[in-house]
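Colleague: My structure is stored as final-v5.cif, with mmCIF, N, CA and C atoms.
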```
data_upload
loop_
_atom_site.label_atom_id
_atom_site.label_comp_id
_atom_site.auth_asym_id
_atom_site.auth_seq_id
_atom_site.Cartn_x
_atom_site.Cartn_y
_atom_site.Cartn_z
N MET A 1063 12.35 -64.49 67.56
CA MET A 1063 11.74 -63.85 68.70
C MET A 1063 11.49 -62.37 68.38
N LYS A 1064 10.36 -61.88 68.82
CA LYS A 1064 10.01 -60.47 68.57
C LYS A 1064 10.86 -59.56 69.45
N PRO A 1065 11.13 -58.34 68.97
CA PRO A 1065 11.86 -57.38 69.79
C PRO A 1065 11.12 -57.09 71.10
N ILE A 1066 11.87 -56.89 72.16
CA ILE A 1066 11.29 -56.59 73.47
C ILE A 1066 11.47 -55.11 73.76
N ILE A 1067 10.35 -54.42 73.94
CA ILE A 1067 10.35 -53.00 74.25
C ILE A 1067 10.34 -52.87 75.77
N LEU A 1068 11.42 -52.33 76.32
CA LEU A 1068 11.58 -52.23 77.77
C LEU A 1068 10.99 -50.93 78.28
N ASP A 1069 9.95 -51.05 79.08
CA ASP A 1069 9.33 -49.89 79.72
C ASP A 1069 10.07 -49.61 81.03
N ALA A 1070 10.16 -48.34 81.39
CA ALA A 1070 10.86 -47.95 82.61
C ALA A 1070 10.25 -48.60 83.85
N SER A 1071 8.97 -48.94 83.81
CA SER A 1071 8.33 -49.57 84.97
C SER A 1071 8.94 -50.93 85.28
N VAL A 1072 9.44 -51.62 84.27
CA VAL A 1072 10.11 -52.91 84.48
C VAL A 1072 11.54 -52.67 84.97
N ALA A 1073 12.24 -51.77 84.32
CA ALA A 1073 13.62 -51.48 84.73
C ALA A 1073 13.67 -50.99 86.17
N ALA A 1074 12.67 -50.25 86.61
CA ALA A 1074 12.62 -49.77 87.99
C ALA A 1074 12.62 -50.93 88.98
N LYS A 1075 12.01 -52.03 88.59
CA LYS A 1075 11.93 -53.20 89.47
C LYS A 1075 13.29 -53.88 89.66
N TRP A 1076 14.26 -53.55 88.80
CA TRP A 1076 15.60 -54.10 88.97
C TRP A 1076 16.22 -53.63 90.29
N PHE A 1077 15.72 -52.52 90.80
CA PHE A 1077 16.35 -51.87 91.95
C PHE A 1077 15.44 -51.79 93.17
N THR A 1078 14.36 -52.56 93.18
CA THR A 1078 13.43 -52.55 94.30
C THR A 1078 13.11 -53.98 94.72
N THR A 1079 12.34 -54.11 95.75
CA THR A 1079 11.87 -55.43 96.20
C THR A 1079 10.38 -55.59 95.92
N GLU A 1080 9.88 -54.83 94.96
CA GLU A 1080 8.46 -54.89 94.61
C GLU A 1080 8.11 -56.24 93.98
N PRO A 1081 6.83 -56.62 94.03
CA PRO A 1081 6.40 -57.82 93.31
C PRO A 1081 6.75 -57.69 91.83
N GLY A 1082 7.18 -58.80 91.24
CA GLY A 1082 7.56 -58.80 89.84
C GLY A 1082 9.03 -58.49 89.62
N GLY A 1083 9.73 -58.19 90.69
CA GLY A 1083 11.14 -57.84 90.58
C GLY A 1083 12.01 -58.98 90.07
N GLU A 1084 11.69 -60.21 90.50
CA GLU A 1084 12.49 -61.36 90.07
C GLU A 1084 12.39 -61.56 88.56
N GLU A 1085 11.19 -61.43 88.02
CA GLU A 1085 11.01 -61.57 86.58
C GLU A 1085 11.74 -60.45 85.84
N ALA A 1086 11.71 -59.25 86.40
CA ALA A 1086 12.40 -58.12 85.77
C ALA A 1086 13.90 -58.36 85.74
N VAL A 1087 14.45 -58.87 86.83
CA VAL A 1087 15.88 -59.16 86.89
C VAL A 1087 16.24 -60.28 85.91
N GLU A 1088 15.37 -61.28 85.78
CA GLU A 1088 15.60 -62.35 84.80
C GLU A 1088 15.71 -61.76 83.40
N LEU A 1089 14.84 -60.82 83.08
CA LEU A 1089 14.89 -60.17 81.77
C LEU A 1089 16.22 -59.44 81.60
N MET A 1090 16.67 -58.73 82.63
CA MET A 1090 17.93 -58.00 82.57
C MET A 1090 19.09 -58.97 82.32
N ARG A 1091 19.07 -60.11 82.95
CA ARG A 1091 20.17 -61.07 82.86
C ARG A 1091 20.06 -62.00 81.65
N SER A 1092 18.97 -61.91 80.92
CA SER A 1092 18.71 -62.84 79.82
C SER A 1092 19.67 -62.69 78.65
N GLY A 1093 20.26 -61.52 78.50
CA GLY A 1093 21.12 -61.28 77.35
C GLY A 1093 20.34 -60.94 76.09
N LEU A 1094 19.02 -60.87 76.20
CA LEU A 1094 18.21 -60.51 75.04
C LEU A 1094 18.38 -59.04 74.71
N ASP A 1095 18.27 -58.72 73.44
CA ASP A 1095 18.31 -57.32 73.03
C ASP A 1095 17.02 -56.65 73.47
N LEU A 1096 17.16 -55.50 74.06
CA LEU A 1096 16.03 -54.72 74.53
C LEU A 1096 16.01 -53.40 73.77
N TYR A 1097 14.82 -52.84 73.60
CA TYR A 1097 14.65 -51.61 72.84
C TYR A 1097 13.85 -50.62 73.68
N ALA A 1098 14.17 -49.33 73.51
CA ALA A 1098 13.46 -48.29 74.26
C ALA A 1098 13.59 -46.96 73.53
N PRO A 1099 12.64 -46.05 73.77
CA PRO A 1099 12.80 -44.68 73.25
C PRO A 1099 14.03 -44.05 73.90
N ASP A 1100 14.63 -43.08 73.23
CA ASP A 1100 15.90 -42.56 73.73
C ASP A 1100 15.79 -41.74 75.01
N PHE A 1101 14.60 -41.43 75.48
CA PHE A 1101 14.47 -40.72 76.75
C PHE A 1101 14.42 -41.68 77.94
N PHE A 1102 14.53 -42.97 77.69
CA PHE A 1102 14.44 -43.99 78.73
C PHE A 1102 15.40 -43.73 79.89
N LEU A 1103 16.68 -43.47 79.60
CA LEU A 1103 17.65 -43.25 80.67
C LEU A 1103 17.35 -41.98 81.46
N ILE A 1104 16.82 -40.97 80.80
CA ILE A 1104 16.43 -39.74 81.49
C ILE A 1104 15.24 -40.03 82.41
N GLU A 1105 14.30 -40.82 81.91
CA GLU A 1105 13.15 -41.20 82.74
C GLU A 1105 13.62 -41.98 83.98
N MET A 1106 14.58 -42.87 83.78
CA MET A 1106 15.11 -43.63 84.91
C MET A 1106 15.89 -42.72 85.86
N ASP A 1107 16.67 -41.78 85.33
CA ASP A 1107 17.38 -40.83 86.20
C ASP A 1107 16.39 -40.04 87.05
N ASN A 1108 15.28 -39.65 86.45
CA ASN A 1108 14.27 -38.91 87.19
C ASN A 1108 13.71 -39.75 88.35
N LEU A 1109 13.43 -41.01 88.07
CA LEU A 1109 12.91 -41.90 89.11
C LEU A 1109 13.95 -42.12 90.21
N LEU A 1110 15.19 -42.37 89.82
CA LEU A 1110 16.24 -42.60 90.82
C LEU A 1110 16.45 -41.36 91.69
N SER A 1111 16.44 -40.18 91.09
CA SER A 1111 16.61 -38.96 91.88
C SER A 1111 15.44 -38.76 92.84
N LYS A 1112 14.24 -39.16 92.41
CA LYS A 1112 13.07 -39.09 93.28
C LYS A 1112 13.25 -40.01 94.49
N TRP A 1113 13.75 -41.22 94.24
CA TRP A 1113 13.99 -42.16 95.34
C TRP A 1113 15.04 -41.61 96.31
N VAL A 1114 16.07 -40.95 95.78
CA VAL A 1114 17.09 -40.35 96.65
C VAL A 1114 16.47 -39.25 97.50
N ARG A 1115 15.67 -38.38 96.88
CA ARG A 1115 15.01 -37.28 97.61
C ARG A 1115 14.11 -37.81 98.73
N ARG A 1116 13.40 -38.91 98.46
CA ARG A 1116 12.48 -39.47 99.44
C ARG A 1116 13.18 -40.32 100.50
N GLY A 1117 14.46 -40.59 100.28
CA GLY A 1117 15.19 -41.43 101.22
C GLY A 1117 15.02 -42.91 100.98
N ASP A 1118 14.45 -43.29 99.84
CA ASP A 1118 14.26 -44.71 99.51
C ASP A 1118 15.55 -45.36 99.02
N MET A 1119 16.52 -44.53 98.61
CA MET A 1119 17.78 -45.03 98.05
C MET A 1119 18.84 -43.97 98.35
N SER A 1120 20.05 -44.42 98.63
CA SER A 1120 21.13 -43.46 98.84
C SER A 1120 21.66 -42.97 97.48
N ARG A 1121 22.34 -41.86 97.51
CA ARG A 1121 22.91 -41.35 96.26
C ARG A 1121 23.91 -42.36 95.66
N PRO A 1122 24.83 -42.96 96.45
CA PRO A 1122 25.72 -43.97 95.86
C PRO A 1122 24.97 -45.15 95.25
N GLU A 1123 23.90 -45.59 95.89
CA GLU A 1123 23.09 -46.68 95.32
C GLU A 1123 22.47 -46.25 94.00
N ALA A 1124 21.98 -45.03 93.94
CA ALA A 1124 21.38 -44.52 92.70
C ALA A 1124 22.43 -44.41 91.60
N GLU A 1125 23.63 -43.98 91.96
CA GLU A 1125 24.69 -43.87 90.96
C GLU A 1125 25.09 -45.25 90.45
N GLU A 1126 25.10 -46.24 91.33
CA GLU A 1126 25.37 -47.61 90.89
C GLU A 1126 24.25 -48.10 89.96
N ALA A 1127 23.02 -47.79 90.29
CA ALA A 1127 21.89 -48.16 89.42
C ALA A 1127 22.03 -47.51 88.05
N ARG A 1128 22.46 -46.25 88.02
CA ARG A 1128 22.67 -45.56 86.74
C ARG A 1128 23.73 -46.29 85.91
N ASP A 1129 24.81 -46.74 86.56
CA ASP A 1129 25.86 -47.48 85.85
C ASP A 1129 25.32 -48.80 85.31
N ILE A 1130 24.52 -49.48 86.11
CA ILE A 1130 23.91 -50.75 85.68
C ILE A 1130 23.03 -50.51 84.46
N LEU A 1131 22.22 -49.48 84.51
CA LEU A 1131 21.34 -49.15 83.38
C LEU A 1131 22.15 -48.85 82.12
N ALA A 1132 23.21 -48.07 82.27
CA ALA A 1132 24.03 -47.69 81.12
C ALA A 1132 24.72 -48.89 80.48
N ALA A 1133 24.94 -49.94 81.26
CA ALA A 1133 25.64 -51.12 80.75
C ALA A 1133 24.72 -52.13 80.07
N GLN A 1134 23.43 -51.91 80.12
CA GLN A 1134 22.48 -52.87 79.55
C GLN A 1134 22.49 -52.82 78.02
N PRO A 1135 22.23 -53.97 77.38
CA PRO A 1135 22.18 -54.01 75.91
C PRO A 1135 20.84 -53.47 75.39
N ILE A 1136 20.66 -52.18 75.55
CA ILE A 1136 19.41 -51.54 75.12
C ILE A 1136 19.68 -50.74 73.86
N PHE A 1137 18.88 -50.96 72.85
CA PHE A 1137 18.96 -50.18 71.62
C PHE A 1137 17.96 -49.04 71.72
N PHE A 1138 18.44 -47.83 71.55
CA PHE A 1138 17.59 -46.66 71.71
C PHE A 1138 17.15 -46.10 70.37
N PHE A 1139 15.88 -45.68 70.32
CA PHE A 1139 15.31 -45.08 69.12
C PHE A 1139 14.97 -43.63 69.40
N GLU A 1140 15.23 -42.79 68.42
CA GLU A 1140 15.00 -41.36 68.60
C GLU A 1140 13.52 -41.05 68.81
N ASN A 1141 13.26 -40.25 69.82
CA ASN A 1141 11.89 -39.83 70.10
C ASN A 1141 11.26 -39.14 68.90
N ALA A 1142 12.05 -38.37 68.16
CA ALA A 1142 11.52 -37.62 67.02
C ALA A 1142 10.89 -38.54 65.99
N GLU A 1143 11.46 -39.72 65.80
CA GLU A 1143 10.90 -40.66 64.83
C GLU A 1143 9.59 -41.26 65.33
N LEU A 1144 9.48 -41.42 66.63
CA LEU A 1144 8.29 -42.04 67.23
C LEU A 1144 7.19 -41.04 67.53
N ARG A 1145 7.56 -39.77 67.59
CA ARG A 1145 6.65 -38.72 68.06
C ARG A 1145 5.31 -38.66 67.34
N PRO A 1146 5.27 -38.67 65.99
CA PRO A 1146 3.96 -38.57 65.33
C PRO A 1146 3.01 -39.71 65.71
N HIS A 1147 3.52 -40.93 65.73
CA HIS A 1147 2.66 -42.06 66.05
C HIS A 1147 2.29 -42.05 67.54
N ALA A 1148 3.23 -41.66 68.40
CA ALA A 1148 2.93 -41.56 69.83
C ALA A 1148 1.83 -40.54 70.08
N TRP A 1149 1.88 -39.43 69.37
CA TRP A 1149 0.84 -38.39 69.50
C TRP A 1149 -0.52 -38.96 69.11
N GLU A 1150 -0.54 -39.67 68.00
CA GLU A 1150 -1.79 -40.26 67.51
C GLU A 1150 -2.36 -41.23 68.55
N ILE A 1151 -1.52 -42.09 69.07
CA ILE A 1151 -1.97 -43.07 70.07
C ILE A 1151 -2.46 -42.35 71.32
N ALA A 1152 -1.71 -41.35 71.77
CA ALA A 1152 -2.06 -40.62 72.99
C ALA A 1152 -3.40 -39.91 72.87
N THR A 1153 -3.64 -39.29 71.72
CA THR A 1153 -4.90 -38.55 71.57
C THR A 1153 -6.08 -39.48 71.39
N LEU A 1154 -5.83 -40.69 70.94
CA LEU A 1154 -6.92 -41.67 70.79
C LEU A 1154 -7.21 -42.42 72.09
N THR A 1155 -6.19 -42.60 72.92
CA THR A 1155 -6.35 -43.43 74.12
C THR A 1155 -6.42 -42.66 75.42
N GLY A 1156 -6.02 -41.40 75.40
CA GLY A 1156 -5.99 -40.62 76.63
C GLY A 1156 -4.78 -40.90 77.51
N ARG A 1157 -3.82 -41.64 77.00
CA ARG A 1157 -2.57 -41.93 77.73
C ARG A 1157 -1.58 -40.80 77.49
N SER A 1158 -0.54 -40.76 78.30
CA SER A 1158 0.49 -39.72 78.12
C SER A 1158 1.30 -40.01 76.86
N VAL A 1159 1.80 -38.96 76.26
CA VAL A 1159 2.68 -39.13 75.09
C VAL A 1159 3.92 -39.91 75.50
N TYR A 1160 4.41 -39.68 76.72
CA TYR A 1160 5.58 -40.42 77.20
C TYR A 1160 5.33 -41.93 77.13
N ASP A 1161 4.21 -42.38 77.69
CA ASP A 1161 3.87 -43.80 77.64
C ASP A 1161 3.70 -44.28 76.21
N CYS A 1162 3.09 -43.45 75.40
CA CYS A 1162 2.79 -43.85 74.03
C CYS A 1162 4.03 -43.92 73.14
N LEU A 1163 5.13 -43.30 73.56
CA LEU A 1163 6.39 -43.48 72.83
C LEU A 1163 6.81 -44.95 72.87
N TYR A 1164 6.61 -45.60 74.00
CA TYR A 1164 6.93 -47.03 74.11
C TYR A 1164 6.00 -47.85 73.21
N VAL A 1165 4.72 -47.51 73.22
CA VAL A 1165 3.75 -48.23 72.40
C VAL A 1165 4.07 -48.03 70.92
N ALA A 1166 4.39 -46.80 70.54
CA ALA A 1166 4.73 -46.51 69.14
C ALA A 1166 5.96 -47.31 68.71
N LEU A 1167 6.92 -47.45 69.60
CA LEU A 1167 8.12 -48.24 69.28
C LEU A 1167 7.75 -49.71 69.12
N ALA A 1168 6.89 -50.23 69.98
CA ALA A 1168 6.46 -51.62 69.85
C ALA A 1168 5.76 -51.85 68.52
N VAL A 1169 4.94 -50.90 68.10
CA VAL A 1169 4.25 -51.02 66.81
C VAL A 1169 5.27 -50.96 65.67
N ALA A 1170 6.18 -49.99 65.74
CA ALA A 1170 7.17 -49.81 64.67
C ALA A 1170 8.05 -51.03 64.48
N LEU A 1171 8.40 -51.70 65.56
CA LEU A 1171 9.29 -52.86 65.49
C LEU A 1171 8.55 -54.19 65.48
N ASP A 1172 7.21 -54.14 65.53
CA ASP A 1172 6.40 -55.34 65.68
C ASP A 1172 6.91 -56.14 66.88
N GLY A 1173 7.10 -55.40 67.98
CA GLY A 1173 7.66 -56.00 69.18
C GLY A 1173 6.62 -56.23 70.26
N VAL A 1174 7.10 -56.71 71.39
CA VAL A 1174 6.25 -56.93 72.55
C VAL A 1174 6.72 -56.02 73.68
N MET A 1175 5.77 -55.54 74.45
CA MET A 1175 6.08 -54.64 75.56
C MET A 1175 6.45 -55.45 76.79
N ALA A 1176 7.53 -55.06 77.44
CA ALA A 1176 7.85 -55.55 78.78
C ALA A 1176 7.52 -54.39 79.70
N THR A 1177 6.35 -54.46 80.32
CA THR A 1177 5.89 -53.37 81.16
C THR A 1177 5.25 -53.90 82.43
N ALA A 1178 5.39 -53.13 83.49
CA ALA A 1178 4.71 -53.45 84.74
C ALA A 1178 3.50 -52.55 84.92
N ASP A 1179 3.24 -51.72 83.93
CA ASP A 1179 2.10 -50.80 83.94
C ASP A 1179 0.91 -51.51 83.32
N ALA A 1180 -0.04 -51.92 84.14
CA ALA A 1180 -1.19 -52.69 83.66
C ALA A 1180 -1.95 -51.96 82.56
N ARG A 1181 -1.92 -50.63 82.58
CA ARG A 1181 -2.65 -49.86 81.56
C ARG A 1181 -1.98 -49.93 80.20
N LEU A 1182 -0.69 -50.29 80.16
CA LEU A 1182 0.03 -50.40 78.89
C LEU A 1182 0.13 -51.83 78.39
N ALA A 1183 -0.08 -52.78 79.27
CA ALA A 1183 0.12 -54.19 78.91
C ALA A 1183 -0.86 -54.64 77.85
#
```
Rewrite the coordinates I just gave you, this time as structure tokens.
Modeller:
Amino acid sequence: MKPIILDASVAAKWFTTEPGGEEAVELMRSGLDLYAPDFFLIEMDNLLSKWVRRGDMSRPEAEEARDILAAQPIFFFENAELRPHAWEIATLTGRSVYDCLYVALAVALDGVMATADARLA
């Protein structure tokens, strides 16, 4: 099986009732190894703090989500290693370098993207 590159858009669905959430939770519970750029947890912290500010989630719920994220079998890759290729992809496609770090990791590992972002799929 090819490596699965976990995009934050899928992990976010672990904590919401949005469409596609059930499939995202299945992926979380699958026990499969997941891969992400090393800023993934920071990106998720940013999203969780935004939800707390907007009142979409309580601070204790967000802290529990952070613990759940930290416990996942995710292998992290240094952004510095992915940066040159992410830059190349971003300047060719007009996408953000942040998004392209996930794409660069998928290319580097010959993996598949698990994303809820239609523009990255």
Colleague: With a distance cut-off of 7 Å and only C-alpha atoms, select the neighbouring residues of Thr1177 (chain A), excluding the residue or stretch itself and same-chain residues fewer than 6 positions from it, and output the selection as a list in words.
Modeller: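 Surrounding residues, per the criterion: Leu1068, Asp1069, Ser1071, Val1072 and Ala1183 of chain A.
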Colleague: Write out, as a compact mmCIF listing (two decimals), in the coordinates of the input, the residues just selected, with N, CA and C atoms.
Modeller:
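Okay, this is what ended up in result20.txt:
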```
# COMPACT_ATOMS: atom_id res chain seq x y z
N LEU A 1068 11.42 -52.33 76.32
CA LEU A 1068 11.58 -52.23 77.77
C LEU A 1068 10.99 -50.93 78.28
N ASP A 1069 9.95 -51.05 79.08
CA ASP A 1069 9.33 -49.89 79.72
C ASP A 1069 10.07 -49.61 81.03
N SER A 1071 8.97 -48.94 83.81
CA SER A 1071 8.33 -49.57 84.97
C SER A 1071 8.94 -50.93 85.28
N VAL A 1072 9.44 -51.62 84.27
CA VAL A 1072 10.11 -52.91 84.48
C VAL A 1072 11.54 -52.67 84.97
N ALA A 1183 -0.08 -52.78 79.27
CA ALA A 1183 0.12 -54.19 78.91
C ALA A 1183 -0.86 -54.64 77.85
```
Colleague: So which residues touch region 1125-1138 of chain A within 5 Å, counting all atoms listed in the file, skipping near sequence neighbours fewer than 2 positions away, as a short mmCIF file (atom, residue, chain, number, x, y, z; two decimals) with N, CA and C atoms, in the frame of the given file?
Modeller:
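What ended up in selection20.cif:
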```cif
data_model
loop_
_atom_site.label_atom_id
_atom_site.label_comp_id
_atom_site.auth_asym_id
_atom_site.auth_seq_id
_atom_site.Cartn_x
_atom_site.Cartn_y
_atom_site.Cartn_z
N LEU A 1096 17.16 -55.50 74.06
CA LEU A 1096 16.03 -54.72 74.53
C LEU A 1096 16.01 -53.40 73.77
N TYR A 1097 14.82 -52.84 73.60
CA TYR A 1097 14.65 -51.61 72.84
C TYR A 1097 13.85 -50.62 73.68
N ALA A 1098 14.17 -49.33 73.51
CA ALA A 1098 13.46 -48.29 74.26
C ALA A 1098 13.59 -46.96 73.53
N PRO A 1099 12.64 -46.05 73.77
CA PRO A 1099 12.80 -44.68 73.25
C PRO A 1099 14.03 -44.05 73.90
N ASP A 1100 14.63 -43.08 73.23
CA ASP A 1100 15.90 -42.56 73.73
C ASP A 1100 15.79 -41.74 75.01
N ARG A 1121 22.34 -41.86 97.51
CA ARG A 1121 22.91 -41.35 96.26
C ARG A 1121 23.91 -42.36 95.66
N PRO A 1122 24.83 -42.96 96.45
CA PRO A 1122 25.72 -43.97 95.86
C PRO A 1122 24.97 -45.15 95.25
N GLU A 1123 23.90 -45.59 95.89
CA GLU A 1123 23.09 -46.68 95.32
C GLU A 1123 22.47 -46.25 94.00
N GLU A 1140 15.23 -42.79 68.42
CA GLU A 1140 15.00 -41.36 68.60
C GLU A 1140 13.52 -41.05 68.81
#
```
Colleague: Using the chain letters and numbering of this document, enumerate as a PyMOL selection string the residues selected by the PyMOL selection byres ((chain A and resi 1165-1176) around 8).
Modeller: chain A and resi 1063-1073+1097-1099+1139+1143-1149+1151+1159-1164+1177-1179+1182-1183
Colleague: Take the residues just selected and output them with N, CA and C atoms as a compact mmCIF listing (two decimals), in the coordinates of the input.
Modeller:
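Ended up saving to out-v4.txt:
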```txt
# COMPACT_ATOMS: atom_id res chain seq x y z
N MET A 1063 12.35 -64.49 67.56
CA MET A 1063 11.74 -63.85 68.70
C MET A 1063 11.49 -62.37 68.38
N LYS A 1064 10.36 -61.88 68.82
CA LYS A 1064 10.01 -60.47 68.57
C LYS A 1064 10.86 -59.56 69.45
N PRO A 1065 11.13 -58.34 68.97
CA PRO A 1065 11.86 -57.38 69.79
C PRO A 1065 11.12 -57.09 71.10
N ILE A 1066 11.87 -56.89 72.16
CA ILE A 1066 11.29 -56.59 73.47
C ILE A 1066 11.47 -55.11 73.76
N ILE A 1067 10.35 -54.42 73.94
CA ILE A 1067 10.35 -53.00 74.25
C ILE A 1067 10.34 -52.87 75.77
N LEU A 1068 11.42 -52.33 76.32
CA LEU A 1068 11.58 -52.23 77.77
C LEU A 1068 10.99 -50.93 78.28
N ASP A 1069 9.95 -51.05 79.08
CA ASP A 1069 9.33 -49.89 79.72
C ASP A 1069 10.07 -49.61 81.03
N ALA A 1070 10.16 -48.34 81.39
CA ALA A 1070 10.86 -47.95 82.61
C ALA A 1070 10.25 -48.60 83.85
N SER A 1071 8.97 -48.94 83.81
CA SER A 1071 8.33 -49.57 84.97
C SER A 1071 8.94 -50.93 85.28
N VAL A 1072 9.44 -51.62 84.27
CA VAL A 1072 10.11 -52.91 84.48
C VAL A 1072 11.54 -52.67 84.97
N ALA A 1073 12.24 -51.77 84.32
CA ALA A 1073 13.62 -51.48 84.73
C ALA A 1073 13.67 -50.99 86.17
N TYR A 1097 14.82 -52.84 73.60
CA TYR A 1097 14.65 -51.61 72.84
C TYR A 1097 13.85 -50.62 73.68
N ALA A 1098 14.17 -49.33 73.51
CA ALA A 1098 13.46 -48.29 74.26
C ALA A 1098 13.59 -46.96 73.53
N PRO A 1099 12.64 -46.05 73.77
CA PRO A 1099 12.80 -44.68 73.25
C PRO A 1099 14.03 -44.05 73.90
N PHE A 1139 15.88 -45.68 70.32
CA PHE A 1139 15.31 -45.08 69.12
C PHE A 1139 14.97 -43.63 69.40
N GLU A 1143 11.46 -39.72 65.80
CA GLU A 1143 10.90 -40.66 64.83
C GLU A 1143 9.59 -41.26 65.33
N LEU A 1144 9.48 -41.42 66.63
CA LEU A 1144 8.29 -42.04 67.23
C LEU A 1144 7.19 -41.04 67.53
N ARG A 1145 7.56 -39.77 67.59
CA ARG A 1145 6.65 -38.72 68.06
C ARG A 1145 5.31 -38.66 67.34
N PRO A 1146 5.27 -38.67 65.99
CA PRO A 1146 3.96 -38.57 65.33
C PRO A 1146 3.01 -39.71 65.71
N HIS A 1147 3.52 -40.93 65.73
CA HIS A 1147 2.66 -42.06 66.05
C HIS A 1147 2.29 -42.05 67.54
N ALA A 1148 3.23 -41.66 68.40
CA ALA A 1148 2.93 -41.56 69.83
C ALA A 1148 1.83 -40.54 70.08
N TRP A 1149 1.88 -39.43 69.37
CA TRP A 1149 0.84 -38.39 69.50
C TRP A 1149 -0.52 -38.96 69.11
N ILE A 1151 -1.52 -42.09 69.07
CA ILE A 1151 -1.97 -43.07 70.07
C ILE A 1151 -2.46 -42.35 71.32
N VAL A 1159 1.80 -38.96 76.26
CA VAL A 1159 2.68 -39.13 75.09
C VAL A 1159 3.92 -39.91 75.50
N TYR A 1160 4.41 -39.68 76.72
CA TYR A 1160 5.58 -40.42 77.20
C TYR A 1160 5.33 -41.93 77.13
N ASP A 1161 4.21 -42.38 77.69
CA ASP A 1161 3.87 -43.80 77.64
C ASP A 1161 3.70 -44.28 76.21
N CYS A 1162 3.09 -43.45 75.40
CA CYS A 1162 2.79 -43.85 74.03
C CYS A 1162 4.03 -43.92 73.14
N LEU A 1163 5.13 -43.30 73.56
CA LEU A 1163 6.39 -43.48 72.83
C LEU A 1163 6.81 -44.95 72.87
N TYR A 1164 6.61 -45.60 74.00
CA TYR A 1164 6.93 -47.03 74.11
C TYR A 1164 6.00 -47.85 73.21
N THR A 1177 6.35 -54.46 80.32
CA THR A 1177 5.89 -53.37 81.16
C THR A 1177 5.25 -53.90 82.43
N ALA A 1178 5.39 -53.13 83.49
CA ALA A 1178 4.71 -53.45 84.74
C ALA A 1178 3.50 -52.55 84.92
N ASP A 1179 3.24 -51.72 83.93
CA ASP A 1179 2.10 -50.80 83.94
C ASP A 1179 0.91 -51.51 83.32
N LEU A 1182 -0.69 -50.29 80.16
CA LEU A 1182 0.03 -50.40 78.89
C LEU A 1182 0.13 -51.83 78.39
N ALA A 1183 -0.08 -52.78 79.27
CA ALA A 1183 0.12 -54.19 78.91
C ALA A 1183 -0.86 -54.64 77.85
```
Colleague: Do you have the atom C of Ser1111 (chain A)-atom N of Ala1124 (chain A) distance handy?
Modeller: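 Calculated distance between atom C of Ser1111 (chain A) and atom N of Ala1124 (chain A) is 9.1 Å.
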Colleague: Identify all residues satisfying the PyMOL selection byres (((chain A and resi 1109 and name CA) around 12) and name CA) in the given file; provide them as a ChimeraX atom specification.
Modeller: /A:1070-1071,1073-1075,1077-1078,1102-1108,1110-1116,1118-1119,1124,1127-1128
Colleague: Just list as a PyMOL selection string whatever in chain A DSSP marks as helix (DSSP H, G or I).
Modeller: chain A and resi 1070-1077+1083-1091+1102-1116+1121-1132+1141-1155+1159-1171
Colleague: Mind checking DSSP for chain A and telling me the strand (DSSP E or B) residues as a list of chain:residue names?
Modeller: A:Ile1066, A:Ile1067, A:Leu1068, A:Leu1096, A:Tyr1097, A:Ala1098, A:Pro1099, A:Ile1136, A:Phe1137, A:Phe1138, A:Phe1139, A:Val1174, A:Met1175, A:Ala1176
Colleague: Could you jot down the CA of Ser1158 (chain A) to atom C of Arg1181 (chain A) separation for me, Å, one decimal place?
Modeller: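 The value is 10.7 Å.
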Colleague: Report, in Å to a single decimal, how far apart atom C of Arg1157 (chain A) and atom C of Ala1142 (chain A) are.
Modeller: 17.1 Å
Colleague: Starting from the displayed file, determine the output of the PyMOL selection byres (((chain A and resi 1085-1093 and name CA) around 6) and name CA) and express the residue list as a list in words.
Modeller: Val1072, Trp1076, Gly1082, Gly1083, Glu1084 and Leu1094 of chain A
